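Notes follow the structure.
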Amino acid sequence: MKYMLLMSATREVFEWYSKWPKEALQANIAFMRDFNQQLKDEGIFVETAGLAWPNDAVIVRAGDDGSPITDGVFPESKEFLAGYWIVDVESAEEAYKVAARASLAPAPAGTEGKMPVEVRQLMSSAPKDLL
Amino acid sequence: MTHSPALEVTIEHLLRELTPQVLGTVVRRFRDFASAEDAVQEASLAAALQWPREGLPINPRAWLTQVAFRRMADQIRSESARRRREGEVAAETLLVTEDAASQEDDTLVLLFMCCHPALTTPSAIALTLRAVGGLSTAEIAHAFLVPEATMAQRISRAKQAIKTSGIPFQLPTTDERTQRLRAVLHILYLIFNEGYTSSAGPALRRADLSREAMRLTRILHGLQPDDAEVAGLLALMLLTDARRDGRSNKDGELVPLARQDRSLWDKKQIEEGIALISATLPKGAIGQYQLQAAIAAVHDEADRYEDTDWPQILALYEVLRRLSGNPMVALNHAIAVAMVHGAVKGLELLDVLARDSRLATHHRLHAVRGHLLELAGDSAGAIEHYRIAANKTASLPERNYLLTQAARLSS
């Protein structure tokens with residue numbers, strides 16, 4: 001079963017992250033690199049991506065003629081997707097364990113680490129229990 | 001030689017068939033399953049490149065064995081050179097003589113090994129498809145929609161588990177035999193299900209998994225013709241897969257059994273499945289796969305849904321329920337009760353089943369309740385439960401189907 005693990009944060013958190021001291025940033029980057037490698041070595045890795053920061057994020061709707069109308073004003077409290085992993089594991093419990101490992105990504109000393117990770121199952125093409 | 005598609009198909013089938021035989025020979029000779037498996041995969045890839053251009057060798061099996069032996073010898077040479085460099089004693093005693101065990105036994109031994117309970121289920125599935133099925137890592141990765149590197153790692157971890165558990169390359173003892181055979185059947189069943197339950201997406205590739213599971217089960221049935229559960233599983237696969245073309249429409253939407261166009265069902269395969277299960281059931285030693293096959297046979301025998309022999313299906317579920325603690329069986333039993341004794345009786349059973357924690361939050365319980373409430377004439381209740389089920393399912397076509405059911409009753 002495939003699960004998507006999502007990291008989201010408010011603009012405030014993105015701004016806070018951009019001001020981390022060098023050692024803390026390097027530790028976080030190294031952690032992510034090692035974590036991705038571990039998922040590959042364990043044979044459960046499907047995909048990962050980090051997203052560009054939300055400074056230029058826009059909401060698009062089609063106008064009457066179908067052309068894009070963009071909207072760029074967001075409330076401070078809105079959560080933005082920062083990145084995700086897709087893993088292929090045997091159960092939801094296994095996906096939670098992987099998410100808990102991701103949650104341990106190091107933050108600067110003296111701050112609350114334990115990043116929140118949202119876990120969502122990917123839909124399969126057909127039910128597994130029709131047989 | 002020209003490239004002929006027919007020749008390529010012949011070669012593909014031949015390679016799949018020869019893989020476990022050649023692998024058995026190489027493992028017997030070198031006593032190193034993990035390296036032997038790599039060597040045979042390389043030999044097989046070399047053949048897939050070379051044979052379409054140059055034509056089939058006179059003895060394809062000998063060709064593959066020889067190439068795999070050469071790979072193994074190269075590896076041992078470089079390994080012992082490394083050891084000499086490192087001042088270790090060169091181990092040249094790896095070569096052992098091949099004993100007279102039949103190639104058929106090898107295939108069986110390989111199946112037992114790849115489906116060993118020491119392996120995780122995903123590892124066992126991947127290794128079985130590669131070592132016994134002769135599929136390449138890329139093909140298996142494609143079938144499971146994961147990167148090739150991920151599948152390669154899964155296979156390598158499976159081999160590592162075999163090495164560390166010290167699983168010997170031999171048939172299990174008579175004591176263990178039945179239990180280990182059940183593990184093999186379970187893996188084959190899961191491979192079949194993986195292919196069968198994927199009606200959307202890269203459908204062709206996924207259908208290959210069902211075909212591959214049926215091919216391997218057929219081989220196993222050939223090796224163990226007297227095992228009633230092996231025959232039962234093969235019959236179940238044949239009778240279930242026979243409905244594949246009716247199970248979804250051209251837009252990939254799920255079509256329930258009641259509304260399937262039965263002219264799309266594979267008559268020949270149904271005949272074969274029915275003949276097989278009919279010959280197997282009287283032999284005694286009844287088991288879950290045989291009962292499931294018998295139920296599938298009753299469905300397949302009905303020309304129209306209205307003609308379904310529900311009393312017989314109910315009788316079979318009564319027996320199956322006693323054998324199996326699977327809550328899905330209990331759920332299907334409740335449906336059969338409803339079809340024979342009325343929706344209200346079925347709903348009463350669902351109330352009991354809802355106390356089972358494995359079922360209480362399962363979408364199928366709500367989908368079935370919605371269906372039975374609809375049969376009982378309670379549209380409002382049916383809509384509610386179809387919607388709850390739609391919220392809980394992880395299958396996109398099923399969610400679409402359940403929401404459509406609710407919408408149909410609401411309008």
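Naming works like this for the structure tokens: A, B, ... for the chains as they're shown, residue 1 at the start of each chain, ligands 1 onward in shown order.
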Among segment 270-304 of chain B, which residues carry a DSSP assignment of helix (DSSP H, G or I), reported as an mmCIF file with N, CA and C atoms, in the first residue's frame?
```cif
data_model
loop_
_atom_site.group_PDB
_atom_site.id
_atom_site.type_symbol
_atom_site.label_atom_id
_atom_site.label_comp_id
_atom_site.auth_asym_id
_atom_site.auth_seq_id
_atom_site.Cartn_x
_atom_site.Cartn_y
_atom_site.Cartn_z
ATOM 1 N N ILE B 270 -13.845 -20.929 -17.686
ATOM 2 C CA ILE B 270 -14.849 -21.359 -16.706
ATOM 3 C C ILE B 270 -14.998 -22.880 -16.745
ATOM 4 N N GLU B 271 -15.054 -23.415 -17.971
ATOM 5 C CA GLU B 271 -15.157 -24.876 -18.109
ATOM 6 C C GLU B 271 -13.991 -25.580 -17.435
ATOM 7 N N GLU B 272 -12.783 -25.050 -17.686
ATOM 8 C CA GLU B 272 -11.596 -25.681 -17.107
ATOM 9 C C GLU B 272 -11.638 -25.606 -15.573
ATOM 10 N N GLY B 273 -12.014 -24.436 -15.055
ATOM 11 C CA GLY B 273 -12.071 -24.255 -13.606
ATOM 12 C C GLY B 273 -13.103 -25.161 -12.960
ATOM 13 N N ILE B 274 -14.265 -25.268 -13.590
ATOM 14 C CA ILE B 274 -15.333 -26.108 -13.041
ATOM 15 C C ILE B 274 -14.931 -27.585 -13.061
ATOM 16 N N ALA B 275 -14.309 -27.998 -14.179
ATOM 17 C CA ALA B 275 -13.864 -29.396 -14.267
ATOM 18 C C ALA B 275 -12.849 -29.694 -13.165
ATOM 19 N N LEU B 276 -11.941 -28.735 -12.949
ATOM 20 C CA LEU B 276 -10.880 -28.946 -11.958
ATOM 21 C C LEU B 276 -11.458 -29.020 -10.531
ATOM 22 N N ILE B 277 -12.346 -28.077 -10.194
ATOM 23 C CA ILE B 277 -12.873 -28.082 -8.817
ATOM 24 C C ILE B 277 -13.830 -29.263 -8.615
ATOM 25 N N SER B 278 -14.547 -29.645 -9.668
ATOM 26 C CA SER B 278 -15.452 -30.794 -9.554
ATOM 27 C C SER B 278 -14.675 -32.078 -9.313
ATOM 28 N N ALA B 279 -13.494 -32.182 -9.935
ATOM 29 C CA ALA B 279 -12.679 -33.387 -9.747
ATOM 30 C C ALA B 279 -11.984 -33.372 -8.395
ATOM 31 N N THR B 280 -11.792 -32.174 -7.825
ATOM 32 C CA THR B 280 -11.010 -32.049 -6.590
ATOM 33 C C THR B 280 -11.861 -32.224 -5.330
ATOM 34 N N LEU B 281 -13.041 -31.624 -5.320
ATOM 35 C CA LEU B 281 -13.871 -31.634 -4.106
ATOM 36 C C LEU B 281 -14.138 -33.023 -3.530
ATOM 37 N N PRO B 282 -14.448 -34.016 -4.366
ATOM 38 C CA PRO B 282 -14.765 -35.335 -3.787
ATOM 39 C C PRO B 282 -13.573 -36.023 -3.132
ATOM 40 N N LYS B 283 -12.339 -35.494 -3.360
ATOM 41 C CA LYS B 283 -11.155 -36.165 -2.839
ATOM 42 C C LYS B 283 -10.999 -36.020 -1.337
ATOM 43 N N GLN B 288 -9.962 -23.879 2.278
ATOM 44 C CA GLN B 288 -10.533 -22.576 1.947
ATOM 45 C C GLN B 288 -10.510 -22.257 0.457
ATOM 46 N N TYR B 289 -9.402 -22.599 -0.211
ATOM 47 C CA TYR B 289 -9.329 -22.260 -1.637
ATOM 48 C C TYR B 289 -10.347 -23.062 -2.439
ATOM 49 N N GLN B 290 -10.513 -24.342 -2.061
ATOM 50 C CA GLN B 290 -11.499 -25.167 -2.774
ATOM 51 C C GLN B 290 -12.900 -24.598 -2.589
ATOM 52 N N LEU B 291 -13.205 -24.178 -1.356
ATOM 53 C CA LEU B 291 -14.553 -23.637 -1.106
ATOM 54 C C LEU B 291 -14.761 -22.325 -1.857
ATOM 55 N N GLN B 292 -13.753 -21.472 -1.835
ATOM 56 C CA GLN B 292 -13.873 -20.223 -2.584
ATOM 57 C C GLN B 292 -14.045 -20.503 -4.066
ATOM 58 N N ALA B 293 -13.313 -21.514 -4.568
ATOM 59 C CA ALA B 293 -13.431 -21.881 -5.984
ATOM 60 C C ALA B 293 -14.836 -22.403 -6.273
ATOM 61 N N ALA B 294 -15.363 -23.210 -5.356
ATOM 62 C CA ALA B 294 -16.703 -23.766 -5.559
ATOM 63 C C ALA B 294 -17.740 -22.639 -5.610
ATOM 64 N N ILE B 295 -17.568 -21.630 -4.746
ATOM 65 C CA ILE B 295 -18.486 -20.490 -4.747
ATOM 66 C C ILE B 295 -18.371 -19.724 -6.069
ATOM 67 N N ALA B 296 -17.122 -19.504 -6.506
ATOM 68 C CA ALA B 296 -16.911 -18.816 -7.789
ATOM 69 C C ALA B 296 -17.556 -19.607 -8.920
ATOM 70 N N ALA B 297 -17.478 -20.940 -8.830
ATOM 71 C CA ALA B 297 -18.054 -21.799 -9.875
ATOM 72 C C ALA B 297 -19.570 -21.633 -9.930
ATOM 73 N N VAL B 298 -20.216 -21.557 -8.774
ATOM 74 C CA VAL B 298 -21.674 -21.399 -8.749
ATOM 75 C C VAL B 298 -22.061 -20.063 -9.421
ATOM 76 N N HIS B 299 -21.322 -19.000 -9.116
ATOM 77 C CA HIS B 299 -21.584 -17.701 -9.771
ATOM 78 C C HIS B 299 -21.389 -17.813 -11.285
ATOM 79 N N ASP B 300 -20.285 -18.444 -11.671
ATOM 80 C CA ASP B 300 -19.942 -18.510 -13.098
ATOM 81 C C ASP B 300 -20.931 -19.364 -13.892
ATOM 82 N N GLU B 301 -21.560 -20.319 -13.198
ATOM 83 C CA GLU B 301 -22.481 -21.230 -13.888
ATOM 84 C C GLU B 301 -23.814 -20.565 -14.235
#
```
Counting only C-alpha atoms, a student should be able to say which residues of chain A come within 12 Å of chain B; what is the right answer, written as a PDB file with N, CA and C atoms, in the first residue's frame?
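Dumped everything to selection.pdb:
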```pdb
ATOM      1  N   MET A   1       0.838  -1.190   0.000  1.00  0.00           N
ATOM      2  CA  MET A   1       0.000   0.000   0.000  1.00  0.00           C
ATOM      3  C   MET A   1       0.871   1.238   0.000  1.00  0.00           C
ATOM      4  N   LYS A   2       0.449   2.202  -0.779  1.00  0.00           N
ATOM      5  CA  LYS A   2       1.278   3.399  -0.878  1.00  0.00           C
ATOM      6  C   LYS A   2       0.698   4.532  -0.033  1.00  0.00           C
ATOM      7  N   TYR A   3       1.594   5.203   0.649  1.00  0.00           N
ATOM      8  CA  TYR A   3       1.199   6.326   1.505  1.00  0.00           C
ATOM      9  C   TYR A   3       2.025   7.550   1.149  1.00  0.00           C
ATOM     10  N   ASN A  36      16.321   9.773   2.995  1.00  0.00           N
ATOM     11  CA  ASN A  36      15.935   9.318   1.654  1.00  0.00           C
ATOM     12  C   ASN A  36      16.699   8.058   1.264  1.00  0.00           C
ATOM     13  N   GLN A  37      18.001   8.045   1.598  1.00  0.00           N
ATOM     14  CA  GLN A  37      18.813   6.877   1.268  1.00  0.00           C
ATOM     15  C   GLN A  37      18.324   5.649   2.037  1.00  0.00           C
ATOM     16  N   GLN A  38      17.960   5.846   3.300  1.00  0.00           N
ATOM     17  CA  GLN A  38      17.452   4.724   4.104  1.00  0.00           C
ATOM     18  C   GLN A  38      16.183   4.142   3.489  1.00  0.00           C
ATOM     19  N   LEU A  39      15.275   5.013   3.060  1.00  0.00           N
ATOM     20  CA  LEU A  39      14.022   4.527   2.456  1.00  0.00           C
ATOM     21  C   LEU A  39      14.332   3.704   1.213  1.00  0.00           C
ATOM     22  N   LYS A  40      15.337   4.157   0.434  1.00  0.00           N
ATOM     23  CA  LYS A  40      15.727   3.407  -0.767  1.00  0.00           C
ATOM     24  C   LYS A  40      16.303   2.050  -0.380  1.00  0.00           C
ATOM     25  N   ASP A  41      17.210   2.064   0.619  1.00  0.00           N
ATOM     26  CA  ASP A  41      17.850   0.811   1.028  1.00  0.00           C
ATOM     27  C   ASP A  41      16.834  -0.183   1.579  1.00  0.00           C
ATOM     28  N   GLU A  42      15.784   0.323   2.181  1.00  0.00           N
ATOM     29  CA  GLU A  42      14.779  -0.561   2.771  1.00  0.00           C
ATOM     30  C   GLU A  42      13.797  -1.087   1.738  1.00  0.00           C
ATOM     31  N   GLY A  43      13.912  -0.605   0.502  1.00  0.00           N
ATOM     32  CA  GLY A  43      13.028  -1.103  -0.560  1.00  0.00           C
ATOM     33  C   GLY A  43      11.607  -0.600  -0.439  1.00  0.00           C
ATOM     34  N   ILE A  44      11.401   0.563   0.169  1.00  0.00           N
ATOM     35  CA  ILE A  44      10.040   1.085   0.302  1.00  0.00           C
ATOM     36  C   ILE A  44       9.868   2.448  -0.369  1.00  0.00           C
ATOM     37  N   PHE A  45      10.969   2.975  -0.938  1.00  0.00           N
ATOM     38  CA  PHE A  45      10.928   4.315  -1.532  1.00  0.00           C
ATOM     39  C   PHE A  45      10.183   4.319  -2.858  1.00  0.00           C
ATOM     40  N   VAL A  46       9.272   5.258  -3.038  1.00  0.00           N
ATOM     41  CA  VAL A  46       8.617   5.419  -4.344  1.00  0.00           C
ATOM     42  C   VAL A  46       8.979   6.765  -4.960  1.00  0.00           C
ATOM     43  N   GLU A  47       8.866   7.820  -4.168  1.00  0.00           N
ATOM     44  CA  GLU A  47       9.073   9.145  -4.734  1.00  0.00           C
ATOM     45  C   GLU A  47       9.228  10.162  -3.619  1.00  0.00           C
ATOM     46  N   THR A  48       9.954  11.243  -3.897  1.00  0.00           N
ATOM     47  CA  THR A  48       9.976  12.361  -2.958  1.00  0.00           C
ATOM     48  C   THR A  48      10.164  13.648  -3.737  1.00  0.00           C
ATOM     49  N   ILE A  86       6.559   9.509  -0.971  1.00  0.00           N
ATOM     50  CA  ILE A  86       5.607   8.410  -1.156  1.00  0.00           C
ATOM     51  C   ILE A  86       6.369   7.129  -0.849  1.00  0.00           C
ATOM     52  N   VAL A  87       5.821   6.326   0.055  1.00  0.00           N
ATOM     53  CA  VAL A  87       6.461   5.049   0.394  1.00  0.00           C
ATOM     54  C   VAL A  87       5.475   3.912   0.127  1.00  0.00           C
ATOM     55  N   ASP A  88       6.019   2.737  -0.153  1.00  0.00           N
ATOM     56  CA  ASP A  88       5.195   1.547  -0.412  1.00  0.00           C
ATOM     57  C   ASP A  88       5.444   0.571   0.726  1.00  0.00           C
ATOM     58  N   VAL A  89       4.494   0.453   1.641  1.00  0.00           N
ATOM     59  CA  VAL A  89       4.674  -0.379   2.831  1.00  0.00           C
ATOM     60  C   VAL A  89       3.487  -1.322   3.006  1.00  0.00           C
ATOM     61  N   GLU A  90       3.600  -2.216   4.001  1.00  0.00           N
ATOM     62  CA  GLU A  90       2.581  -3.263   4.151  1.00  0.00           C
ATOM     63  C   GLU A  90       1.312  -2.801   4.850  1.00  0.00           C
ATOM     64  N   SER A  91       1.420  -1.747   5.667  1.00  0.00           N
ATOM     65  CA  SER A  91       0.255  -1.356   6.463  1.00  0.00           C
ATOM     66  C   SER A  91       0.339   0.111   6.854  1.00  0.00           C
ATOM     67  N   ALA A  92      -0.774   0.638   7.361  1.00  0.00           N
ATOM     68  CA  ALA A  92      -0.797   2.015   7.846  1.00  0.00           C
ATOM     69  C   ALA A  92       0.195   2.170   9.004  1.00  0.00           C
ATOM     70  N   ARG A 120      -1.233  10.170   4.446  1.00  0.00           N
ATOM     71  CA  ARG A 120      -2.440   9.936   3.655  1.00  0.00           C
ATOM     72  C   ARG A 120      -2.222   8.730   2.749  1.00  0.00           C
ATOM     73  N   GLN A 121      -3.221   7.877   2.666  1.00  0.00           N
ATOM     74  CA  GLN A 121      -3.103   6.727   1.769  1.00  0.00           C
ATOM     75  C   GLN A 121      -3.384   7.151   0.331  1.00  0.00           C
ATOM     76  N   LEU A 122      -2.609   6.622  -0.613  1.00  0.00           N
ATOM     77  CA  LEU A 122      -2.896   6.867  -2.024  1.00  0.00           C
ATOM     78  C   LEU A 122      -4.016   5.931  -2.440  1.00  0.00           C
ATOM     79  N   MET A 123      -4.917   6.390  -3.256  1.00  0.00           N
ATOM     80  CA  MET A 123      -6.008   5.512  -3.672  1.00  0.00           C
ATOM     81  C   MET A 123      -5.479   4.476  -4.644  1.00  0.00           C
ATOM     82  N   SER A 124      -5.971   3.260  -4.502  1.00  0.00           N
ATOM     83  CA  SER A 124      -5.586   2.202  -5.435  1.00  0.00           C
ATOM     84  C   SER A 124      -6.617   2.191  -6.552  1.00  0.00           C
ATOM     85  N   SER A 125      -6.279   1.482  -7.616  1.00  0.00           N
ATOM     86  CA  SER A 125      -7.180   1.514  -8.762  1.00  0.00           C
ATOM     87  C   SER A 125      -8.421   0.669  -8.515  1.00  0.00           C
ATOM     88  N   ALA A 126      -8.315  -0.361  -7.711  1.00  0.00           N
ATOM     89  CA  ALA A 126      -9.501  -1.181  -7.447  1.00  0.00           C
ATOM     90  C   ALA A 126      -9.416  -1.751  -6.041  1.00  0.00           C
ATOM     91  N   PRO A 127     -10.552  -2.067  -5.436  1.00  0.00           N
ATOM     92  CA  PRO A 127     -10.518  -2.598  -4.075  1.00  0.00           C
ATOM     93  C   PRO A 127      -9.774  -3.925  -4.017  1.00  0.00           C
ATOM     94  N   LYS A 128      -9.161  -4.196  -2.855  1.00  0.00           N
ATOM     95  CA  LYS A 128      -8.330  -5.392  -2.727  1.00  0.00           C
ATOM     96  C   LYS A 128      -9.135  -6.570  -2.191  1.00  0.00           C
ATOM     97  N   ASP A 129     -10.394  -6.380  -1.903  1.00  0.00           N
ATOM     98  CA  ASP A 129     -11.098  -7.432  -1.177  1.00  0.00           C
ATOM     99  C   ASP A 129     -12.358  -7.881  -1.902  1.00  0.00           C
ATOM    100  N   LEU A 130     -12.334  -7.773  -3.222  1.00  0.00           N
ATOM    101  CA  LEU A 130     -13.535  -8.156  -3.960  1.00  0.00           C
ATOM    102  C   LEU A 130     -13.559  -9.632  -4.301  1.00  0.00           C
ATOM    103  N   LEU A 131     -12.428 -10.277  -4.172  1.00  0.00           N
ATOM    104  CA  LEU A 131     -12.323 -11.663  -4.606  1.00  0.00           C
ATOM    105  C   LEU A 131     -13.277 -12.556  -3.831  1.00  0.00           C
TER     106      LEU A 131
END
```
Practice task
Tell me, as a list in words, which residues lie within 12 Å of segment 106-111 of chain A, counting only C-alpha atoms; anything in the same chain fewer than 5 positions away does not count.
Solution key: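 Result of the neighbour search: Val13, Trp16, Tyr17, Ser18, Lys19, Trp20, Pro21, Lys22, Glu23, Ala24, Leu25, Gln26, Ala27, Asn28, Ile29, Ala30, Phe31, Met32, Phe35 and Arg101 of chain A.
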What would the file look like if the residues just selected were written as a CSV table (one decimal), in the first residue's frame with N, CA and C atoms?
```
chain,number,residue,atom,x,y,z
A,13,VAL,N,6.7,29.7,9.7
A,13,VAL,CA,7.7,28.6,9.9
A,13,VAL,C,8.8,28.6,8.8
A,16,TRP,N,11.1,31.3,9.7
A,16,TRP,CA,11.9,30.9,10.8
A,16,TRP,C,13.0,30.0,10.3
A,17,TYR,N,12.7,29.0,9.5
A,17,TYR,CA,13.6,28.0,9.0
A,17,TYR,C,14.8,28.8,8.2
A,18,SER,N,14.4,29.8,7.5
A,18,SER,CA,15.4,30.5,6.7
A,18,SER,C,16.4,31.2,7.6
A,19,LYS,N,16.1,31.4,8.8
A,19,LYS,CA,17.0,32.1,9.7
A,19,LYS,C,17.8,31.1,10.7
A,20,TRP,N,17.7,29.8,10.4
A,20,TRP,CA,18.4,28.9,11.3
A,20,TRP,C,19.9,29.1,11.2
A,21,PRO,N,20.6,28.8,12.3
A,21,PRO,CA,22.1,28.9,12.2
A,21,PRO,C,22.6,27.8,11.3
A,22,LYS,N,23.8,28.0,10.7
A,22,LYS,CA,24.4,27.2,9.7
A,22,LYS,C,24.5,25.7,10.2
A,23,GLU,N,24.9,25.4,11.4
A,23,GLU,CA,25.0,24.0,11.8
A,23,GLU,C,23.7,23.3,11.9
A,24,ALA,N,22.7,24.1,12.3
A,24,ALA,CA,21.3,23.5,12.4
A,24,ALA,C,20.8,23.2,10.9
A,25,LEU,N,21.0,24.1,10.0
A,25,LEU,CA,20.6,23.9,8.6
A,25,LEU,C,21.3,22.7,8.0
A,26,GLN,N,22.6,22.6,8.3
A,26,GLN,CA,23.4,21.5,7.7
A,26,GLN,C,23.0,20.2,8.3
A,27,ALA,N,22.7,20.2,9.6
A,27,ALA,CA,22.2,18.9,10.2
A,27,ALA,C,20.9,18.5,9.6
A,28,ASN,N,20.0,19.4,9.4
A,28,ASN,CA,18.7,19.1,8.8
A,28,ASN,C,18.8,18.6,7.4
A,29,ILE,N,19.7,19.2,6.6
A,29,ILE,CA,19.9,18.8,5.2
A,29,ILE,C,20.5,17.4,5.1
A,30,ALA,N,21.5,17.2,6.0
A,30,ALA,CA,22.1,15.9,6.0
A,30,ALA,C,21.1,14.8,6.5
A,31,PHE,N,20.3,15.1,7.4
A,31,PHE,CA,19.3,14.2,7.9
A,31,PHE,C,18.3,13.8,6.7
A,32,MET,N,17.9,14.8,6.0
A,32,MET,CA,16.9,14.5,4.9
A,32,MET,C,17.6,13.6,3.8
A,35,PHE,N,17.9,10.1,5.3
A,35,PHE,CA,16.6,9.5,5.4
A,35,PHE,C,16.1,9.0,4.1
A,101,ARG,N,9.8,8.7,12.0
A,101,ARG,CA,11.3,8.8,11.7
A,101,ARG,C,11.5,10.2,11.1
```
Practice task
Write out as a list in words the residues lying within 9 Å of segment 371-374 of chain B, counting only C-alpha atoms and excluding same-chain residues fewer than 2 positions away.
Solution key: Ile335, Ala338, Gly342, Ala343, Val344, Gly346, Leu347, His366, Ala367, Val368, Arg369, Ala376, Gly377, Asp378, Ser379, Ala380, Gly381, Ala382, Ile383, His385, Tyr386 and Leu409 of chain B
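Each of B:Leu185, B:Leu18, B:Leu239, B:Ala258 was checked against Ala62 of chain B using only C-alpha atoms; the smallest atom-to-atom distance is that of B:Leu18.
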Exercise for the section: May I have the residues within 10 Å of Gly246 of chain B as number ranges by chain, using only C-alpha atoms and disregarding those fewer than 3 positions away in the same chain? Expected result: B: 242-243, 249-250, 254-257, 259-266
Exercise for the section: Run DSSP on the backbone of this structure and report the residues of segment 55-110 of chain A it assigns to strand (DSSP E), as a PyMOL selection string. Expected result: chain A and resi 59-62+68-71+79-88
